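Here is the structure we will look at, set down as structure tokens.
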Amino acid sequence: MHRAAQSTTRHPALGLAVTGLILAGISHPAAATWIAAALGEPARRPLDVARLLALSLQHVILAGAGLGLVAVLGVGLGILVTRRVASPWRPLVDAVAAGAQAVPPVVVVALALPVLGFGGPPTLLALVAYGIMPVLRGTVGGIEGVASDIREAGRAVGLTNFQILMRIELPLAGPAIVETLRTALVLAVATVAVGALAGATTLGTPIVAGLQNQNTVPMLQGAAATAALAFLGEAALLALVSAWRAIRP
Amino acid sequence: MHDAPLAGPLGVGPSRRLPLLAGIAWTCALALALFALPVLSIAENRLALGRPVLGAQALGWSVGPILALGVAGLVVPSRQAAGLRAGLAVAALAFAILVLAAGLGRGAMQALAGLPPAARASLGSGAWLALALLAGGLGLAVRRAHAPWLGPATVVALLLGVGLMARSGAFDALSLAVEYAARRETVNAAIGEHLALSGAALALALAGAVLLSLWRRGQGVVAILLSGIQVVPAVALLGGLVALTGGLLRAAPALRDLGLSALGAVPAIVAIAAYLLLPLWRGLALALRSPDAATLEAAGALGLTPAQALFGVRLPLGAPILVAALRVAAVQAVGLATLGALVGAGGLGRIVFDGMAQFAPDLILLGAIPVIALSLGAETGLSRIEAAARRRWHA
């Protein structure tokens, strides 16, 4: 009975995963051609599955690299900024982070283009420039949300500052950090799609080319596949987190 | 994007050594920008690669004053300075920016003397780094002054100074000014289109958010739906909407007479508005819930009708939250409107994408600078209104 009741309370990752799989199905050449036909678009040659998978792989690699950089830099800076030593730097970090947020990712990609050339690098730069701030703020908010008496209790028990960070602050700030990483993941998938404008070969490429040439089928495929990646990525992140929670006592 | 109350739990006594180190690093970076990095790049035409010109050569004698003013602006308010000293620091840094701008304009003119008219002098990495450092220092000085009027006053004074210099032709030799002169109408029209796109999307999303929050029973569904939209990348949503609008137009060609087309402003506005729904809807819900039960009961006891309670109690008390949501949405709208150019909606994105297609950095900047300015303007303007609303009703 208990087991059955548990399985009926759905995991939040499930809805995301189902949405992602439906979108992935839409990006299949046959499905996309059928939808385009239903919309009255002329049936043009769709992207075949191999090409779609290759683009998806490129997309995942770029977004994954960017997300990794954002996570390491954002969480790392968030930890640094909340140390006692760094408190004079706080206004500066806040100001820089707020300033970086005022530049939309497309504009960062565009501005980095003359400096870094066509392809992946401007996209990665845009991702890092735009993604760090939410992660940094989320980490800072999570760590500062830890009640100070818990921290004091840790100190009273004789924990070092590092142990307080690892055993008290980070575990308690965990949910907030995961929440910001979800935002960063969605941002990463979207920014890599925009990177197609700077010549990075991603799932954004068929969308941008399709919009320019009025070629609806590949455009639909790219759009559905990009959205599918975002949903599936979020589902995977949530599943990973809950699996990790289940392992850890 | 909430400005969480950031009273550091660990922030006890600020150490004195780190600000000193930061100041030294800042000074070294400024010196590097002015002496070791190219402040200008002289090219044969607007697309060719340029020859770097260092600051000492391009700026001449003004390098010294810029550095001195910058350092002075940083050092003067070394302790908890208020009033005159902080004001002096702000003035020194603002003046340093103006001297740098004038020096760059003059340097470009001298570097181009005797070259064919197609030659261009564009700003190099050193110039951008120096401007960023000085602007950052200025921002810090304004913050430390603790005078709410100083920020806007400094911005107005700087804009006025730069505007007057531009009018007198001080920057005519810089490639950015040349590019702007050649496309003045296009850029001005694009700014108008950009504002119209983001404004229309904001209005549409606001109406949508109000309607959605009226549907009391469906709030759970609305939450799932709106956060689902956030996950869809903007480029993908634009692509999908164009396909949908195309299908709709084929099914009902009469819509074409209303001015609807598959490519154009309509799909862009709908797509932008879709992303703004979540912050606005969430802000509206939080704002309406902000007065506590006792306040609402008191309003009822006073004989206020629900409508009177809404406009007299709930909305004023929730105003700061509502304005905060509006600020988040407005900044997002300005950024997303850049992508509107992908579906032929115009706006500043068109200039940015033209510049990318031509690999012309100045053209990219010509589109990017107004986007950043609009975004910063929306952010600072609305956060000031937010603070004012907070003071007005939560004093």
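A note on labels: chains of the structure tokens are A, B, ... as shown, every chain counts residues from 1, and ligands are counted from 1 in their shown order.
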Report task. Please identify all polymer residues within 7 Å of Val192 (chain A), counting only C-alpha atoms, omitting same-chain residues fewer than 3 positions from it, and present them as a PyMOL selection string. Result -> chain A and resi 59+62-63+123+188-189+195+202
Query - Long-range neighbours of region 315-332 of chain B as a ChimeraX atom specification, 9 Å cut-off, only C-alpha atoms, 6 positions minimum in chain - result: /A:102,104 /B:1-2,198-199,202,206,272,275-284,286-291,309,374-383,385-390,393-394
Report as a PDB file with all heavy atoms, in the first residue's frame all protein, DNA and RNA residues lying within 10 Å of Ala68 (chain B), evaluated on only C-alpha atoms, omitting residues in the same chain fewer than 3 positions from it.
ATOM      1  N   THR B  27      44.695  50.407 -10.505  1.00  0.00           N
ATOM      2  CA  THR B  27      45.629  51.376 -11.065  1.00  0.00           C
ATOM      3  C   THR B  27      46.538  50.716 -12.099  1.00  0.00           C
ATOM      4  O   THR B  27      46.778  51.269 -13.180  1.00  0.00           O
ATOM      5  CB  THR B  27      46.471  51.997  -9.937  1.00  0.00           C
ATOM      6  OG1 THR B  27      45.598  52.415  -8.905  1.00  0.00           O
ATOM      7  CG2 THR B  27      47.286  53.152 -10.441  1.00  0.00           C
ATOM      8  N   SER B  62      47.697  63.807 -22.563  1.00  0.00           N
ATOM      9  CA  SER B  62      46.537  63.614 -21.684  1.00  0.00           C
ATOM     10  C   SER B  62      46.562  62.284 -20.946  1.00  0.00           C
ATOM     11  O   SER B  62      45.738  62.058 -20.065  1.00  0.00           O
ATOM     12  CB  SER B  62      45.229  63.790 -22.446  1.00  0.00           C
ATOM     13  OG  SER B  62      45.220  63.027 -23.610  1.00  0.00           O
ATOM     14  N   VAL B  63      47.488  61.377 -21.292  1.00  0.00           N
ATOM     15  CA  VAL B  63      47.582  60.120 -20.563  1.00  0.00           C
ATOM     16  C   VAL B  63      47.823  60.384 -19.081  1.00  0.00           C
ATOM     17  O   VAL B  63      47.176  59.774 -18.217  1.00  0.00           O
ATOM     18  CB  VAL B  63      48.717  59.244 -21.131  1.00  0.00           C
ATOM     19  CG1 VAL B  63      48.950  58.046 -20.240  1.00  0.00           C
ATOM     20  CG2 VAL B  63      48.386  58.795 -22.520  1.00  0.00           C
ATOM     21  N   GLY B  64      48.745  61.305 -18.787  1.00  0.00           N
ATOM     22  CA  GLY B  64      49.091  61.617 -17.393  1.00  0.00           C
ATOM     23  C   GLY B  64      47.884  62.066 -16.592  1.00  0.00           C
ATOM     24  O   GLY B  64      47.551  61.440 -15.586  1.00  0.00           O
ATOM     25  N   PRO B  65      47.203  63.134 -17.029  1.00  0.00           N
ATOM     26  CA  PRO B  65      46.027  63.585 -16.285  1.00  0.00           C
ATOM     27  C   PRO B  65      44.964  62.505 -16.107  1.00  0.00           C
ATOM     28  O   PRO B  65      44.353  62.410 -15.033  1.00  0.00           O
ATOM     29  CB  PRO B  65      45.478  64.725 -17.152  1.00  0.00           C
ATOM     30  CG  PRO B  65      46.636  65.204 -17.936  1.00  0.00           C
ATOM     31  CD  PRO B  65      47.566  64.054 -18.109  1.00  0.00           C
ATOM     32  N   VAL B  71      43.334  57.825 -10.335  1.00  0.00           N
ATOM     33  CA  VAL B  71      43.869  57.416  -9.034  1.00  0.00           C
ATOM     34  C   VAL B  71      43.333  58.338  -7.941  1.00  0.00           C
ATOM     35  O   VAL B  71      42.941  57.877  -6.855  1.00  0.00           O
ATOM     36  CB  VAL B  71      45.405  57.410  -9.068  1.00  0.00           C
ATOM     37  CG1 VAL B  71      45.959  57.122  -7.684  1.00  0.00           C
ATOM     38  CG2 VAL B  71      45.895  56.366 -10.054  1.00  0.00           C
ATOM     39  N   ALA B  72      43.280  59.648  -8.255  1.00  0.00           N
ATOM     40  CA  ALA B  72      42.763  60.594  -7.261  1.00  0.00           C
ATOM     41  C   ALA B  72      41.330  60.228  -6.891  1.00  0.00           C
ATOM     42  O   ALA B  72      40.961  60.204  -5.719  1.00  0.00           O
ATOM     43  CB  ALA B  72      42.824  62.012  -7.814  1.00  0.00           C
ATOM     44  N   GLY B  73      40.520  59.901  -7.901  1.00  0.00           N
ATOM     45  CA  GLY B  73      39.133  59.551  -7.648  1.00  0.00           C
ATOM     46  C   GLY B  73      39.002  58.330  -6.767  1.00  0.00           C
ATOM     47  O   GLY B  73      38.041  58.176  -6.027  1.00  0.00           O
ATOM     48  N   LEU B  74      39.991  57.450  -6.864  1.00  0.00           N
ATOM     49  CA  LEU B  74      39.946  56.231  -6.068  1.00  0.00           C
ATOM     50  C   LEU B  74      40.454  56.478  -4.661  1.00  0.00           C
ATOM     51  O   LEU B  74      39.964  55.888  -3.696  1.00  0.00           O
ATOM     52  CB  LEU B  74      40.818  55.179  -6.754  1.00  0.00           C
ATOM     53  CG  LEU B  74      40.306  53.762  -6.688  1.00  0.00           C
ATOM     54  CD1 LEU B  74      38.963  53.654  -7.344  1.00  0.00           C
ATOM     55  CD2 LEU B  74      41.309  52.841  -7.343  1.00  0.00           C
ATOM     56  N   ALA B  92      36.335  63.891 -10.196  1.00  0.00           N
ATOM     57  CA  ALA B  92      37.633  63.541 -10.780  1.00  0.00           C
ATOM     58  C   ALA B  92      37.480  62.413 -11.782  1.00  0.00           C
ATOM     59  O   ALA B  92      38.015  62.475 -12.898  1.00  0.00           O
ATOM     60  CB  ALA B  92      38.607  63.141  -9.670  1.00  0.00           C
ATOM     61  N   LEU B  93      36.717  61.376 -11.419  1.00  0.00           N
ATOM     62  CA  LEU B  93      36.568  60.227 -12.319  1.00  0.00           C
ATOM     63  C   LEU B  93      35.764  60.604 -13.558  1.00  0.00           C
ATOM     64  O   LEU B  93      36.088  60.183 -14.670  1.00  0.00           O
ATOM     65  CB  LEU B  93      35.909  59.074 -11.563  1.00  0.00           C
ATOM     66  CG  LEU B  93      36.886  58.338 -10.642  1.00  0.00           C
ATOM     67  CD1 LEU B  93      36.158  57.527  -9.601  1.00  0.00           C
ATOM     68  CD2 LEU B  93      37.795  57.425 -11.455  1.00  0.00           C
ATOM     69  N   ALA B  96      37.991  62.472 -15.772  1.00  0.00           N
ATOM     70  CA  ALA B  96      38.945  61.571 -16.421  1.00  0.00           C
ATOM     71  C   ALA B  96      38.313  60.920 -17.651  1.00  0.00           C
ATOM     72  O   ALA B  96      38.957  60.789 -18.697  1.00  0.00           O
ATOM     73  CB  ALA B  96      39.404  60.502 -15.433  1.00  0.00           C
TER      74      ALA B  96
END
Report task. Compute the chain A side of the contact with chain B at 8 Å, counting only C-alpha atoms, and hand it back as number ranges by chain. Result -> A: 36, 38-41, 82-89, 92, 99, 102-107, 110-111, 113-114, 134, 137, 141, 144, 148, 186-187, 189-191, 193-194, 197-198, 204, 207-208, 211-212, 216, 219-220, 222-224, 226-227, 230-231
Requested in this report: Based on DSSP run over this structure's backbone, return all residues of region 105-160 of chain B in alpha helix (DSSP H), as an NGL selection string.
Outcome: :B and (105-112 or 125-145 or 150-160)
Neighbours of Arg167 (chain A) within 10 Å (only C-alpha atoms; same-chain residues fewer than 6 positions away dropped), as a compact mmCIF listing (two decimals) with all heavy atoms, in the first residue's frame?
# COMPACT_ATOMS: atom_id res chain seq x y z
N GLY A 154 28.10 25.06 15.06
CA GLY A 154 29.21 24.33 14.45
C GLY A 154 30.54 24.80 15.01
O GLY A 154 31.43 23.99 15.33
N LEU A 159 34.27 22.93 14.90
CA LEU A 159 34.53 22.78 13.48
C LEU A 159 35.39 23.95 12.99
O LEU A 159 35.24 25.08 13.46
CB LEU A 159 33.21 22.75 12.70
CG LEU A 159 32.27 21.59 12.96
CD1 LEU A 159 31.07 21.68 12.04
CD2 LEU A 159 32.98 20.27 12.75
N ASN A 161 36.62 26.59 9.90
CA ASN A 161 35.83 27.33 8.91
C ASN A 161 35.53 26.48 7.70
O ASN A 161 34.43 26.50 7.15
CB ASN A 161 36.59 28.58 8.48
CG ASN A 161 36.46 29.69 9.50
OD1 ASN A 161 35.50 29.70 10.28
ND2 ASN A 161 37.42 30.59 9.52
**Report entry** Nearest to Trp34 (chain A), chosen from A:Ala71, A:Val140, A:Val217, A:Val157, with only C-alpha atoms counted in the distances
**Finding:**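 Result for the nearest residue to Trp34 (chain A): A:Val217.
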Query raised in the report: Which one of A:Ser27, A:Thr139, A:Thr183, A:Asn215 sits closest to Pro171 (chain A) if you count only C-alpha atoms?
Result: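 Smallest separation from Pro171 (chain A) among the options: A:Thr139.
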Report task. Write out as a list in words each polymer residue whose atoms come within 7 Å of Tyr130 (chain A), counting only C-alpha atoms; drop sequence neighbours fewer than 4 positions from it. Result ->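 Using only C-alpha atoms, the neighbours found are Ala100, Gln101, Pro105 and Ala126 of chain A.
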Could you save the residues just selected, with N, CA, C and O atoms, as a PDB file, in the first residue's frame?
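The result, written out as out15.pdb:
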ATOM      1  N   ALA A 100      26.757  42.878 -15.774  1.00  0.00           N
ATOM      2  CA  ALA A 100      26.839  41.819 -16.786  1.00  0.00           C
ATOM      3  C   ALA A 100      25.452  41.359 -17.189  1.00  0.00           C
ATOM      4  O   ALA A 100      25.216  40.988 -18.330  1.00  0.00           O
ATOM      5  N   GLN A 101      24.505  41.406 -16.254  1.00  0.00           N
ATOM      6  CA  GLN A 101      23.155  40.941 -16.537  1.00  0.00           C
ATOM      7  C   GLN A 101      22.409  41.890 -17.476  1.00  0.00           C
ATOM      8  O   GLN A 101      21.441  41.497 -18.104  1.00  0.00           O
ATOM      9  N   PRO A 105      22.341  37.937 -23.760  1.00  0.00           N
ATOM     10  CA  PRO A 105      23.273  36.978 -24.344  1.00  0.00           C
ATOM     11  C   PRO A 105      23.539  37.204 -25.831  1.00  0.00           C
ATOM     12  O   PRO A 105      24.680  37.096 -26.276  1.00  0.00           O
ATOM     13  N   ALA A 126      29.528  34.261 -23.972  1.00  0.00           N
ATOM     14  CA  ALA A 126      28.213  34.821 -23.653  1.00  0.00           C
ATOM     15  C   ALA A 126      27.560  34.028 -22.529  1.00  0.00           C
ATOM     16  O   ALA A 126      26.976  34.586 -21.607  1.00  0.00           O
TER      17      ALA A 126
END
